[in-house]
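Shown next: entry.txt, containing compact mmCIF, C-alpha atoms.
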# COMPACT_ATOMS: atom_id res chain seq x y z
CA MET L 1035 0.00 0.00 0.00
CA SER L 1036 1.04 3.62 -0.37
CA ALA L 1037 2.60 5.30 2.64
CA GLY L 1038 0.30 8.19 1.91
CA GLY L 1039 -2.58 5.98 3.01
CA ILE L 1040 -1.28 5.69 6.55
CA ASP L 1041 -2.35 8.09 9.27
CA VAL L 1042 0.95 9.54 10.44
CA GLN L 1043 -0.48 12.67 12.02
CA GLY L 1044 0.70 15.36 9.68
CA ILE L 1045 4.05 13.87 8.58
CA ASP L 1046 4.37 13.92 4.77
CA LEU L 1047 5.44 10.31 4.45
CA GLN L 1048 6.23 9.02 0.96
CA GLY L 1049 6.76 5.52 -0.39
CA THR L 1050 5.17 2.12 0.11
CA VAL L 1051 4.39 -0.08 3.10
CA ALA L 1052 3.25 -3.71 2.97
CA PRO L 1053 0.08 -4.55 4.91
CA GLY L 1054 0.90 -5.36 8.50
CA LEU L 1055 3.93 -3.06 8.68
CA GLU L 1056 1.99 0.12 9.40
CA PRO L 1057 3.43 0.28 12.96
CA VAL L 1058 6.91 0.58 11.44
CA ALA L 1059 5.78 3.58 9.41
CA GLN L 1060 4.30 5.05 12.58
CA ALA L 1061 7.60 4.58 14.41
CA PHE L 1062 9.38 6.27 11.50
CA ALA L 1063 6.99 9.21 11.67
CA ASP L 1064 7.41 9.38 15.46
CA ASN L 1065 11.11 10.06 14.92
CA PHE L 1066 10.09 13.26 13.15
CA ARG L 1067 7.47 14.25 15.72
CA HIS L 1068 9.38 13.45 18.89
CA ARG L 1069 13.07 12.77 18.18
CA GLY L 1070 14.32 15.65 16.06
CA GLU L 1071 14.44 13.95 12.66
CA GLN L 1072 14.76 16.35 9.72
CA GLY L 1073 15.19 14.03 6.75
CA ALA L 1074 15.39 10.25 6.66
CA ALA L 1075 14.55 7.09 4.75
CA LEU L 1076 13.95 3.46 5.63
CA THR L 1077 13.87 0.36 3.41
CA VAL L 1078 13.28 -3.27 4.36
CA MET L 1079 13.62 -6.19 1.92
CA ARG L 1080 12.74 -9.80 2.61
CA ARG L 1081 13.01 -12.85 0.33
CA GLY L 1082 13.17 -10.79 -2.84
CA GLU L 1083 10.34 -8.44 -1.90
CA VAL L 1084 10.47 -4.81 -0.81
CA LEU L 1085 8.32 -4.82 2.32
CA LEU L 1086 8.75 -1.17 3.09
CA GLU L 1087 10.39 1.79 1.35
CA ILE L 1088 9.57 5.15 2.92
CA TRP L 1089 11.10 8.59 3.24
CA ALA L 1090 10.17 12.01 4.61
CA GLY L 1091 11.50 15.44 5.49
CA THR L 1092 14.10 17.62 3.82
CA ARG L 1093 17.71 17.14 2.82
CA ASP L 1094 19.29 20.60 2.94
CA LYS L 1095 20.30 22.97 5.72
CA GLY L 1096 17.55 25.40 4.77
CA ALA L 1097 14.92 22.64 4.98
CA SER L 1098 13.56 23.58 1.55
CA ARG L 1099 14.50 20.58 -0.60
CA PRO L 1100 12.41 17.47 -0.03
CA TRP L 1101 13.98 14.09 0.56
CA GLN L 1102 13.64 11.78 -2.45
CA ALA L 1103 13.52 7.99 -2.81
CA ASP L 1104 17.13 7.87 -3.98
CA THR L 1105 18.58 10.64 -1.80
CA ARG L 1106 22.10 9.82 -0.70
CA VAL L 1107 23.59 10.91 2.60
CA ASN L 1108 26.92 10.36 4.29
CA ILE L 1109 26.50 7.01 6.07
CA PHE L 1110 29.84 7.22 7.92
CA SER L 1111 30.90 3.84 9.35
CA ALA L 1112 27.89 2.04 7.90
CA GLY L 1113 29.96 2.15 4.70
CA LYS L 1114 32.56 -0.18 6.23
CA ALA L 1115 30.25 -3.04 5.22
CA PHE L 1116 30.76 -2.11 1.56
CA VAL L 1117 34.52 -2.13 2.11
CA ALA L 1118 34.36 -5.56 3.74
CA ALA L 1119 32.36 -6.98 0.85
CA CYS L 1120 34.95 -5.78 -1.67
CA VAL L 1121 37.73 -7.46 0.31
CA LEU L 1122 35.81 -10.71 0.77
CA GLN L 1123 35.14 -10.88 -2.96
CA LEU L 1124 38.88 -10.66 -3.62
CA VAL L 1125 39.52 -13.36 -1.03
CA GLU L 1126 36.94 -15.56 -2.71
CA ARG L 1127 38.64 -15.00 -6.08
CA GLY L 1128 42.10 -15.78 -4.71
CA ALA L 1129 43.57 -12.29 -5.10
CA LEU L 1130 43.83 -11.96 -1.30
CA ALA L 1131 44.20 -14.51 1.50
CA LEU L 1132 42.75 -14.00 4.96
CA ASP L 1133 45.79 -15.25 6.86
CA ALA L 1134 48.44 -13.74 4.62
CA PRO L 1135 50.38 -10.72 5.91
CA VAL L 1136 49.14 -7.40 4.55
CA ALA L 1137 52.77 -6.64 3.71
CA GLN L 1138 52.73 -9.47 1.17
CA TYR L 1139 50.56 -7.24 -1.01
CA TRP L 1140 51.81 -3.87 0.28
CA PRO L 1141 55.51 -4.13 1.25
CA GLU L 1142 55.69 -0.63 2.73
CA PHE L 1143 53.08 -1.61 5.31
CA ALA L 1144 55.64 -3.79 7.11
CA ALA L 1145 57.17 -0.69 8.77
CA HIS L 1146 57.13 -0.21 12.55
CA GLY L 1147 56.24 -3.74 13.65
CA LYS L 1148 53.43 -4.43 11.17
CA ARG L 1149 55.16 -7.13 9.10
CA GLU L 1150 53.08 -9.99 10.51
CA ILE L 1151 49.67 -8.27 10.60
CA THR L 1152 47.21 -10.38 8.61
CA LEU L 1153 44.22 -9.41 6.56
CA ARG L 1154 41.99 -11.32 8.99
CA GLN L 1155 43.28 -9.24 11.92
CA VAL L 1156 42.52 -6.01 10.06
CA LEU L 1157 38.99 -7.12 9.15
CA CYS L 1158 38.09 -8.00 12.75
CA HIS L 1159 39.87 -5.01 14.33
CA ARG L 1160 42.70 -6.90 16.00
CA ALA L 1161 45.61 -5.33 14.10
CA GLY L 1162 46.31 -2.53 16.59
CA VAL L 1163 46.28 -0.02 13.72
CA SER L 1164 43.33 1.91 15.08
CA ALA L 1165 44.59 5.49 14.76
CA PHE L 1166 47.53 7.63 13.72
CA GLN L 1167 49.86 8.19 16.66
CA ARG L 1168 51.73 11.02 14.92
CA ARG L 1169 49.82 14.22 14.30
CA GLN L 1170 48.52 14.51 10.76
CA ASP L 1171 47.93 17.52 8.55
CA ASP L 1172 44.26 18.39 8.16
CA LYS L 1173 44.32 17.95 4.39
CA VAL L 1174 46.02 14.55 4.30
CA ILE L 1175 42.70 12.68 4.40
CA PHE L 1176 41.72 14.15 1.03
CA ASP L 1177 44.84 12.81 -0.76
CA TRP L 1178 44.76 9.03 -1.28
CA ALA L 1179 48.48 8.61 -1.96
CA ALA L 1180 49.45 10.77 1.00
CA VAL L 1181 47.09 9.19 3.52
CA THR L 1182 47.87 5.60 2.53
CA ALA L 1183 51.58 6.39 2.85
CA GLN L 1184 50.85 7.51 6.42
CA VAL L 1185 48.91 4.29 7.06
CA ALA L 1186 51.88 2.27 5.83
CA ALA L 1187 54.14 4.21 8.21
CA ALA L 1188 51.79 4.00 11.21
CA GLU L 1189 52.76 2.29 14.45
CA PRO L 1190 50.44 -0.22 16.14
CA TRP L 1191 49.03 0.82 19.53
CA TRP L 1192 49.59 -2.68 20.94
CA THR L 1193 51.07 -5.97 19.80
CA PRO L 1194 48.98 -6.98 16.79
CA GLY L 1195 46.61 -9.85 17.49
CA THR L 1196 46.63 -9.47 21.27
CA ALA L 1197 43.63 -7.17 21.69
CA GLN L 1198 40.58 -5.82 19.88
CA GLY L 1199 40.39 -2.13 19.08
CA TYR L 1200 37.93 -0.67 16.59
CA SER L 1201 39.55 1.29 13.76
CA PRO L 1202 37.19 4.13 12.83
CA MET L 1203 39.22 5.53 9.91
CA LEU L 1204 42.41 3.63 9.07
CA PHE L 1205 40.37 0.47 8.44
CA GLY L 1206 39.06 2.00 5.21
CA TRP L 1207 42.29 3.32 3.77
CA LEU L 1208 44.17 0.15 4.67
CA LEU L 1209 41.64 -2.20 3.09
CA GLY L 1210 40.87 0.19 0.26
CA GLU L 1211 44.53 0.25 -0.74
CA LEU L 1212 44.62 -3.54 -0.72
CA VAL L 1213 41.59 -3.56 -3.01
CA ARG L 1214 43.27 -1.09 -5.35
CA ARG L 1215 46.56 -3.01 -5.41
CA THR L 1216 45.11 -6.47 -5.99
CA SER L 1217 42.13 -5.76 -8.24
CA GLY L 1218 43.83 -3.86 -11.04
CA CYS L 1219 41.36 -0.98 -10.63
CA ASP L 1220 42.52 2.63 -10.58
CA SER L 1221 40.83 3.36 -7.25
CA PHE L 1222 38.87 1.72 -4.47
CA ASP L 1223 35.61 3.27 -5.68
CA ASP L 1224 36.23 2.03 -9.22
CA TYR L 1225 36.26 -1.52 -7.87
CA PHE L 1226 33.26 -0.87 -5.61
CA GLN L 1227 31.21 0.50 -8.50
CA GLN L 1228 32.10 -2.34 -10.87
CA GLN L 1229 31.73 -5.27 -8.48
CA VAL L 1230 29.24 -4.17 -5.81
CA ALA L 1231 27.21 -1.07 -6.68
CA GLN L 1232 26.47 -1.75 -10.35
CA PRO L 1233 25.53 -5.45 -10.03
CA LEU L 1234 23.01 -4.56 -7.31
CA GLN L 1235 22.05 -1.15 -8.74
CA LEU L 1236 23.00 0.59 -5.51
CA ALA L 1237 22.78 4.35 -5.13
CA ALA L 1238 26.12 4.47 -3.31
CA GLU L 1239 29.63 5.77 -3.92
CA PHE L 1240 32.89 6.88 -2.34
CA GLY L 1241 34.05 10.16 -3.83
CA VAL L 1242 30.97 11.88 -5.25
CA GLY L 1243 31.21 13.35 -8.74
CA ALA L 1244 30.84 17.12 -9.10
CA ASP L 1245 27.59 16.76 -11.04
CA ARG L 1246 26.00 14.78 -8.18
CA LEU L 1247 26.96 16.94 -5.21
CA VAL L 1248 23.82 19.05 -5.36
CA ALA L 1249 21.58 16.02 -4.81
CA LEU L 1250 23.24 14.94 -1.54
CA ALA L 1251 21.64 15.46 1.84
CA ASP L 1252 23.42 17.87 4.18
CA VAL L 1253 24.41 16.45 7.56
CA GLY L 1254 23.70 18.32 10.79
CA VAL L 1255 23.72 17.70 14.52
CA LEU L 1256 20.62 16.32 16.21
CA ALA L 1257 19.23 18.84 18.70
CA VAL L 1258 20.53 18.25 22.22
CA GLU L 1259 17.07 17.72 23.69
CA HIS L 1260 16.61 14.80 21.29
CA ALA L 1261 20.16 13.44 21.27
CA GLY L 1262 20.34 13.25 25.03
CA ALA L 1263 23.51 12.64 26.97
CA ALA L 1264 23.52 8.89 27.35
CA ALA L 1265 26.51 7.35 29.06
CA GLY L 1266 29.03 6.07 26.58
CA GLY L 1267 28.29 8.75 23.97
CA LEU L 1268 31.14 9.49 21.59
CA ALA L 1269 31.75 12.99 22.96
CA GLU L 1270 32.10 11.61 26.47
CA ARG L 1271 34.44 8.91 25.27
CA LEU L 1272 36.75 11.43 23.60
CA LYS L 1273 36.84 13.66 26.67
CA SER L 1274 37.73 10.71 28.88
CA ASP L 1275 40.67 9.76 26.66
CA PRO L 1276 42.37 13.06 25.70
CA ARG L 1277 45.69 11.56 24.60
CA GLY L 1278 44.76 7.95 24.00
CA VAL L 1279 43.81 5.81 21.07
CA ALA L 1280 40.09 6.72 21.05
CA ASN L 1281 40.71 10.43 20.89
CA ARG L 1282 43.36 10.08 18.20
CA ALA L 1283 41.15 7.70 16.24
CA PHE L 1284 38.46 10.35 15.77
CA THR L 1285 40.39 13.63 15.93
CA ASN L 1286 43.76 13.05 14.24
CA PRO L 1287 43.55 15.00 12.03
CA ILE L 1288 40.73 17.22 13.30
CA SER L 1289 39.29 17.36 9.76
CA LEU L 1290 37.81 13.93 10.54
CA LEU L 1291 35.28 15.65 12.80
CA VAL L 1292 34.50 18.79 10.82
CA GLY L 1293 33.63 19.71 7.27
CA THR L 1294 31.69 16.59 6.35
CA ASN L 1295 29.42 18.73 4.16
CA SER L 1296 32.41 20.22 2.36
CA ARG L 1297 33.21 19.56 -1.28
CA ALA L 1298 36.67 18.26 -0.30
CA TRP L 1299 35.19 15.63 2.05
CA ARG L 1300 32.49 14.53 -0.34
CA GLN L 1301 34.79 14.17 -3.34
CA ALA L 1302 37.60 12.36 -1.53
CA GLN L 1303 37.66 8.59 -1.03
CA ILE L 1304 37.53 7.91 2.71
CA PRO L 1305 36.13 4.36 2.66
CA ALA L 1306 35.64 3.98 6.40
CA ALA L 1307 33.60 7.15 6.76
CA ASN L 1308 32.45 9.00 3.65
CA GLY L 1309 30.36 6.58 1.68
CA HIS L 1310 27.22 8.32 0.44
CA ALA L 1311 24.26 5.99 0.02
CA SER L 1312 20.49 5.69 0.10
CA ALA L 1313 18.51 3.56 2.52
CA THR L 1314 17.52 1.26 -0.32
CA ALA L 1315 21.18 0.73 -1.24
CA LEU L 1316 21.89 -0.55 2.26
CA ALA L 1317 18.82 -2.78 2.29
CA ARG L 1318 19.59 -4.31 -1.12
CA PHE L 1319 23.20 -4.95 -0.14
CA TYR L 1320 22.32 -6.76 3.09
CA HIS L 1321 19.42 -8.58 1.47
CA ALA L 1322 21.81 -10.08 -1.09
CA LEU L 1323 24.21 -11.29 1.60
CA SER L 1324 21.33 -12.71 3.67
CA THR L 1325 19.72 -14.65 0.80
CA GLY L 1326 22.54 -16.65 -0.75
CA GLY L 1327 25.07 -13.95 -1.48
CA ARG L 1328 24.63 -13.49 -5.20
CA PRO L 1329 25.85 -11.45 -6.99
CA LEU L 1330 28.30 -10.46 -4.26
CA LEU L 1331 29.56 -13.75 -2.82
CA ASP L 1332 29.11 -17.45 -3.38
CA ALA L 1333 26.61 -18.97 -0.93
CA ARG L 1334 29.33 -21.12 0.68
CA HIS L 1335 31.17 -17.98 1.76
CA CYS L 1336 28.27 -15.92 3.11
CA ASP L 1337 28.99 -17.13 6.63
CA TRP L 1338 32.13 -15.00 6.55
CA CYS L 1339 29.70 -12.16 7.26
CA TRP L 1340 28.36 -13.60 10.52
CA GLN L 1341 30.95 -16.03 11.88
CA GLN L 1342 32.59 -14.49 14.93
CA GLN L 1343 36.29 -13.70 14.60
CA SER L 1344 36.81 -11.48 17.63
CA ALA L 1345 34.88 -10.51 20.77
CA GLY L 1346 35.65 -8.62 23.93
CA ALA L 1347 35.99 -5.24 25.58
CA ASP L 1348 37.00 -2.91 22.78
CA ARG L 1349 39.99 -0.68 23.52
CA VAL L 1350 38.74 2.17 21.36
CA LEU L 1351 35.00 2.29 21.97
CA ALA L 1352 35.26 1.03 25.58
CA THR L 1353 32.34 -1.35 25.21
CA PRO L 1354 32.01 -5.09 24.49
CA LEU L 1355 31.85 -5.77 20.76
CA ARG L 1356 31.78 -8.79 18.47
CA PHE L 1357 33.14 -8.82 14.92
CA SER L 1358 33.08 -11.14 11.95
CA LEU L 1359 35.19 -10.39 8.87
CA GLY L 1360 34.39 -6.70 8.59
CA PHE L 1361 30.93 -6.63 10.16
CA MET L 1362 29.66 -6.02 13.69
CA LEU L 1363 27.65 -8.89 15.15
CA SER L 1364 24.53 -8.83 17.30
CA GLN L 1365 24.72 -8.65 21.06
CA ASP L 1366 22.03 -8.93 23.70
CA ARG L 1367 21.61 -5.17 24.04
CA PRO L 1368 19.31 -2.77 22.17
CA ASP L 1369 22.06 -0.59 20.70
CA CYS L 1370 23.81 -3.52 18.99
CA ARG L 1371 21.03 -5.95 18.10
CA PHE L 1372 20.67 -6.61 14.38
CA GLY L 1373 17.29 -8.27 14.37
CA THR L 1374 16.40 -11.22 16.56
CA GLY L 1375 18.32 -14.01 14.85
CA ALA L 1376 21.58 -15.44 16.16
CA ARG L 1377 23.33 -14.62 12.88
CA GLY L 1378 22.45 -10.92 12.63
CA PHE L 1379 25.29 -8.83 11.19
CA GLY L 1380 25.61 -5.21 10.15
CA HIS L 1381 27.20 -1.88 10.87
CA PRO L 1382 25.95 1.39 12.35
CA GLY L 1383 27.27 4.75 11.22
CA ALA L 1384 28.17 7.73 13.39
CA GLY L 1385 25.05 9.75 14.06
CA GLY L 1386 22.40 7.19 13.28
CA CYS L 1387 22.56 5.45 9.89
CA LEU L 1388 22.25 1.68 10.01
CA GLY L 1389 22.38 -1.30 7.71
CA PHE L 1390 22.07 -4.94 8.70
CA GLY L 1391 21.24 -8.39 7.46
CA ASP L 1392 19.29 -11.18 9.13
CA PRO L 1393 19.98 -14.52 7.37
CA ASP L 1394 17.46 -16.31 9.59
CA ARG L 1395 14.70 -14.04 8.25
CA GLU L 1396 16.35 -13.55 4.82
CA LEU L 1397 16.05 -9.83 5.42
CA GLY L 1398 17.97 -6.66 4.59
CA PHE L 1399 17.47 -3.38 6.47
CA GLY L 1400 18.63 0.14 5.60
CA TYR L 1401 18.00 3.38 7.49
CA VAL L 1402 19.63 6.74 6.75
CA THR L 1403 19.27 10.14 8.39
CA ASN L 1404 20.84 13.58 8.09
CA ARG L 1405 20.58 14.45 11.79
CA MET L 1406 23.49 13.06 13.78
CA GLY L 1407 22.94 11.80 17.32
CA GLN L 1408 25.54 11.05 19.99
CA SER L 1409 25.40 7.26 20.21
CA VAL L 1410 28.54 5.18 19.81
CA LEU L 1411 26.59 2.30 18.23
CA MET L 1412 22.91 2.25 17.19
CA ASP L 1413 21.00 5.47 17.63
CA ALA L 1414 17.73 5.42 19.60
CA ARG L 1415 15.80 6.26 16.42
CA ALA L 1416 17.17 3.18 14.66
CA VAL L 1417 16.60 1.01 17.72
CA ARG L 1418 12.90 1.92 17.75
CA LEU L 1419 12.56 1.18 14.03
CA VAL L 1420 14.14 -2.26 14.42
CA GLN L 1421 11.97 -3.05 17.42
CA ALA L 1422 8.81 -1.97 15.57
CA LEU L 1423 9.76 -4.06 12.55
CA TYR L 1424 10.37 -7.28 14.44
CA ALA L 1425 7.19 -6.84 16.45
CA CYS L 1426 5.35 -7.02 13.11
CA LEU L 1427 7.19 -9.96 11.54
Let me see the structure of the file written as structure tokens.
Amino acid sequence: MSAGGIDVQGIDLQGTVAPGLEPVAQAFADNFRHRGEQGAALTVMRRGEVLLEIWAGTRDKGASRPWQADTRVNIFSAGKAFVAACVLQLVERGALALDAPVAQYWPEFAAHGKREITLRQVLCHRAGVSAFQRRQDDKVIFDWAAVTAQVAAAEPWWTPGTAQGYSPMLFGWLLGELVRRTSGCDSFDDYFQQQVAQPLQLAAEFGVGADRLVALADVGVLAVEHAGAAAGGLAERLKSDPRGVANRAFTNPISLLVGTNSRAWRQAQIPAANGHASATALARFYHALSTGGRPLLDARHCDWCWQQQSAGADRVLATPLRFSLGFMLSQDRPDCRFGTGARGFGHPGAGGCLGFGDPDRELGFGYVTNRMGQSVLMDARAVRLVQALYACL
């Protein structure tokens, strides 16, 4: 049925909702009425069918341009899932090996005690390469050659393999450079477009072309009264660790925290943090991995997405986390529960965006927003959408 046929109390909700999922649309509208949402979209796919595809609000700072079905927004760390899929494809094809040293493909990476770091350790955040220890110039993140040279020269924060520590930014450049070196493509995004985005017809990219910048959603901060000040918020974490790995991971260089609406940020390739995608792109991606893998992976390798590789108290985010090969895994807590199945896998993005797959339900979920909250993992808006969805299934 049309979303316009649902009573959402004055919210101009667009799209379609399958019968029985009206409470999910209501929860989506409630985010606008009560939780500070400005523009957002939500898509759910199950067993080849689009169950729900809705959007509402505006996408620009002036709140004058309406959100569209294919509006792309910066999904921040939710884009790490796309990076992981690219790497796993190359593993499947034999161009990379999970337990081979990264330096086998990138000799310069062996510097400063990184010679034995394996691809598997990087994918599950056990490499110790979670942040730059040396201060970086603000503009280095916009120059692929310069930033990957700094990654190659980086020093691990602890003995690789001995502890888990989430890598907010270096994860993307490290793996993206491996993709570039072993695929024969000119850039990471070239490979992503050819092997992931185009086969699935995803509205997603890393490094947005000049002609497409105007269609992007602007990102802004969620109002304080809606964001709250929950314990464990990112701002609190950075304040509590002024010289440690967490602070450096998000603030070195400081351009990682500011200017995400700038042309320089949007046109650079920052695979761990500046993917721009629609909600439907996330849902299609996870739906493919949750229903046999094609065209991304062979069915016999889909369990790479949900088989645990690392678990424990994370040294960067200071919270218990579980990882597979590039994906976060469900835990028994609302802010990190990807559905209700034991094999739920996904990745939240800073501020609120979320994509996940549920192989037990053969389901893909994508939610994007342009108002950034304070949560380290899943935002309260996303949590309520997931809860509403599973109450209906």
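Excluding Phe1361 (chain L) itself and any same-chain residue fewer than 4 positions from it, the protein and nucleic acid residues within 7 Å of it, counting only C-alpha atoms, are Ala1115, Cys1339, Phe1357, Phe1379, Gly1380 and His1381 of chain L.
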inquiry  = Applying 7 Å and all atoms listed in the file, which residues near region 1196-1200 of chain L remain after dropping the ones on its own chain fewer than 6 positions away? List them as an MDAnalysis selection string.
reply    = chainID L and resid 1159:1160 1162 1164 1346 1348:1351
Contact table region 1211-1310 of chain L vs region 1132-1156 of chain L, cut-off 8 Å, shortest pair per residue, all atoms listed in the file, as a tab-separated table:
residue	atom	partner	partner_atom	distance
L:Leu1212	CA	L:Tyr1139	CA	7.0
L:Arg1215	CA	L:Tyr1139	CA	7.3
L:Thr1216	CA	L:Tyr1139	CA	7.4
key: Residue contacts of Val1078 (chain L) (10 Å, all atoms listed in the file) excluding same-chain residues fewer than 6 positions away, as a PyMOL selection string   = chain L and resi 1051+1084-1088+1313-1314+1316-1318+1320-1321+1389-1391+1397-1401+1423
ask   = Please, what distance in Å, to one decimal, runs between CA of Trp1340 (chain L) and CA of Gln1235 (chain L)?
value = 23.8 Å
key: Option closest in space to Val1058 (chain L), from L:Gly1218, L:Gln1421, L:Pro1368, L:Arg1377 [counting only C-alpha atoms]   = L:Gln1421
Once you add 4 Å to each side, what are the centre and edge lengths of the axis-aligned box holding all listed atoms of region 1118-1121 of chain L? One decimal in Å, as AutoDock Vina command-line options, if you can.
--center_x 35.0 --center_y -6.5 --center_z 1.0 --size_x 13.4 --size_y 9.9 --size_z 13.4
Could you give me, as JSON lines, every region 1133-1240 of chain L residue with an atom at most 10 Å from region 1099-1114 of chain L, plus its closest atom pair and distance in Å to one decimal, counting all atoms listed in the file, rows ordered by chain then number?
{"residue": "L:Leu1157", "atom": "CA", "partner": "L:Lys1114", "partner_atom": "CA", "distance": 9.9}
{"residue": "L:Pro1202", "atom": "CA", "partner": "L:Ser1111", "partner_atom": "CA", "distance": 7.2}
{"residue": "L:Met1203", "atom": "CA", "partner": "L:Ser1111", "partner_atom": "CA", "distance": 8.5}
{"residue": "L:Phe1205", "atom": "CA", "partner": "L:Lys1114", "partner_atom": "CA", "distance": 8.1}
{"residue": "L:Gly1206", "atom": "CA", "partner": "L:Lys1114", "partner_atom": "CA", "distance": 6.9}
{"residue": "L:Leu1209", "atom": "CA", "partner": "L:Lys1114", "partner_atom": "CA", "distance": 9.8}
{"residue": "L:Leu1236", "atom": "CA", "partner": "L:Asp1104", "partner_atom": "CA", "distance": 9.5}
{"residue": "L:Ala1237", "atom": "CA", "partner": "L:Asp1104", "partner_atom": "CA", "distance": 6.8}
{"residue": "L:Ala1238", "atom": "CA", "partner": "L:Arg1106", "partner_atom": "CA", "distance": 7.2}
{"residue": "L:Glu1239", "atom": "CA", "partner": "L:Arg1106", "partner_atom": "CA", "distance": 9.1}
{"residue": "L:Phe1240", "atom": "CA", "partner": "L:Gly1113", "partner_atom": "CA", "distance": 9.0}
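Across L:Leu1208, L:Cys1336, L:Ala1345, L:Ala1129, the tightest approach to Ser1324 (chain L) is made by L:Cys1336 when counting all atoms listed in the file.
The residue that comes closest to Ala1090 (chain L), out of L:Ser1289, L:Gln1123, L:Thr1182, L:Gln1048 and on the basis of all atoms listed in the file, is L:Gln1048.
If only C-alpha atoms are the atoms counted, then among L:Ala1052, L:Trp1299, L:Tyr1225, L:Arg1271 the closest residue to Arg1080 (chain L) is L:Ala1052.
Computed from the coordinates, the CA of Gly1128 (chain L) to CA of Asn1308 (chain L) distance equals 27.9 Å.
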message = So that I can see what lies close to Asn1065 (chain L), please list as a ChimeraX atom specification the residues with an atom at most 12 Å from it, counting only C-alpha atoms and leaving out residues fewer than 3 positions away in the same chain.
response = /L:1042,1045,1047,1058-1062,1068-1076,1089-1091,1256,1260-1261,1386,1403,1405,1413-1419
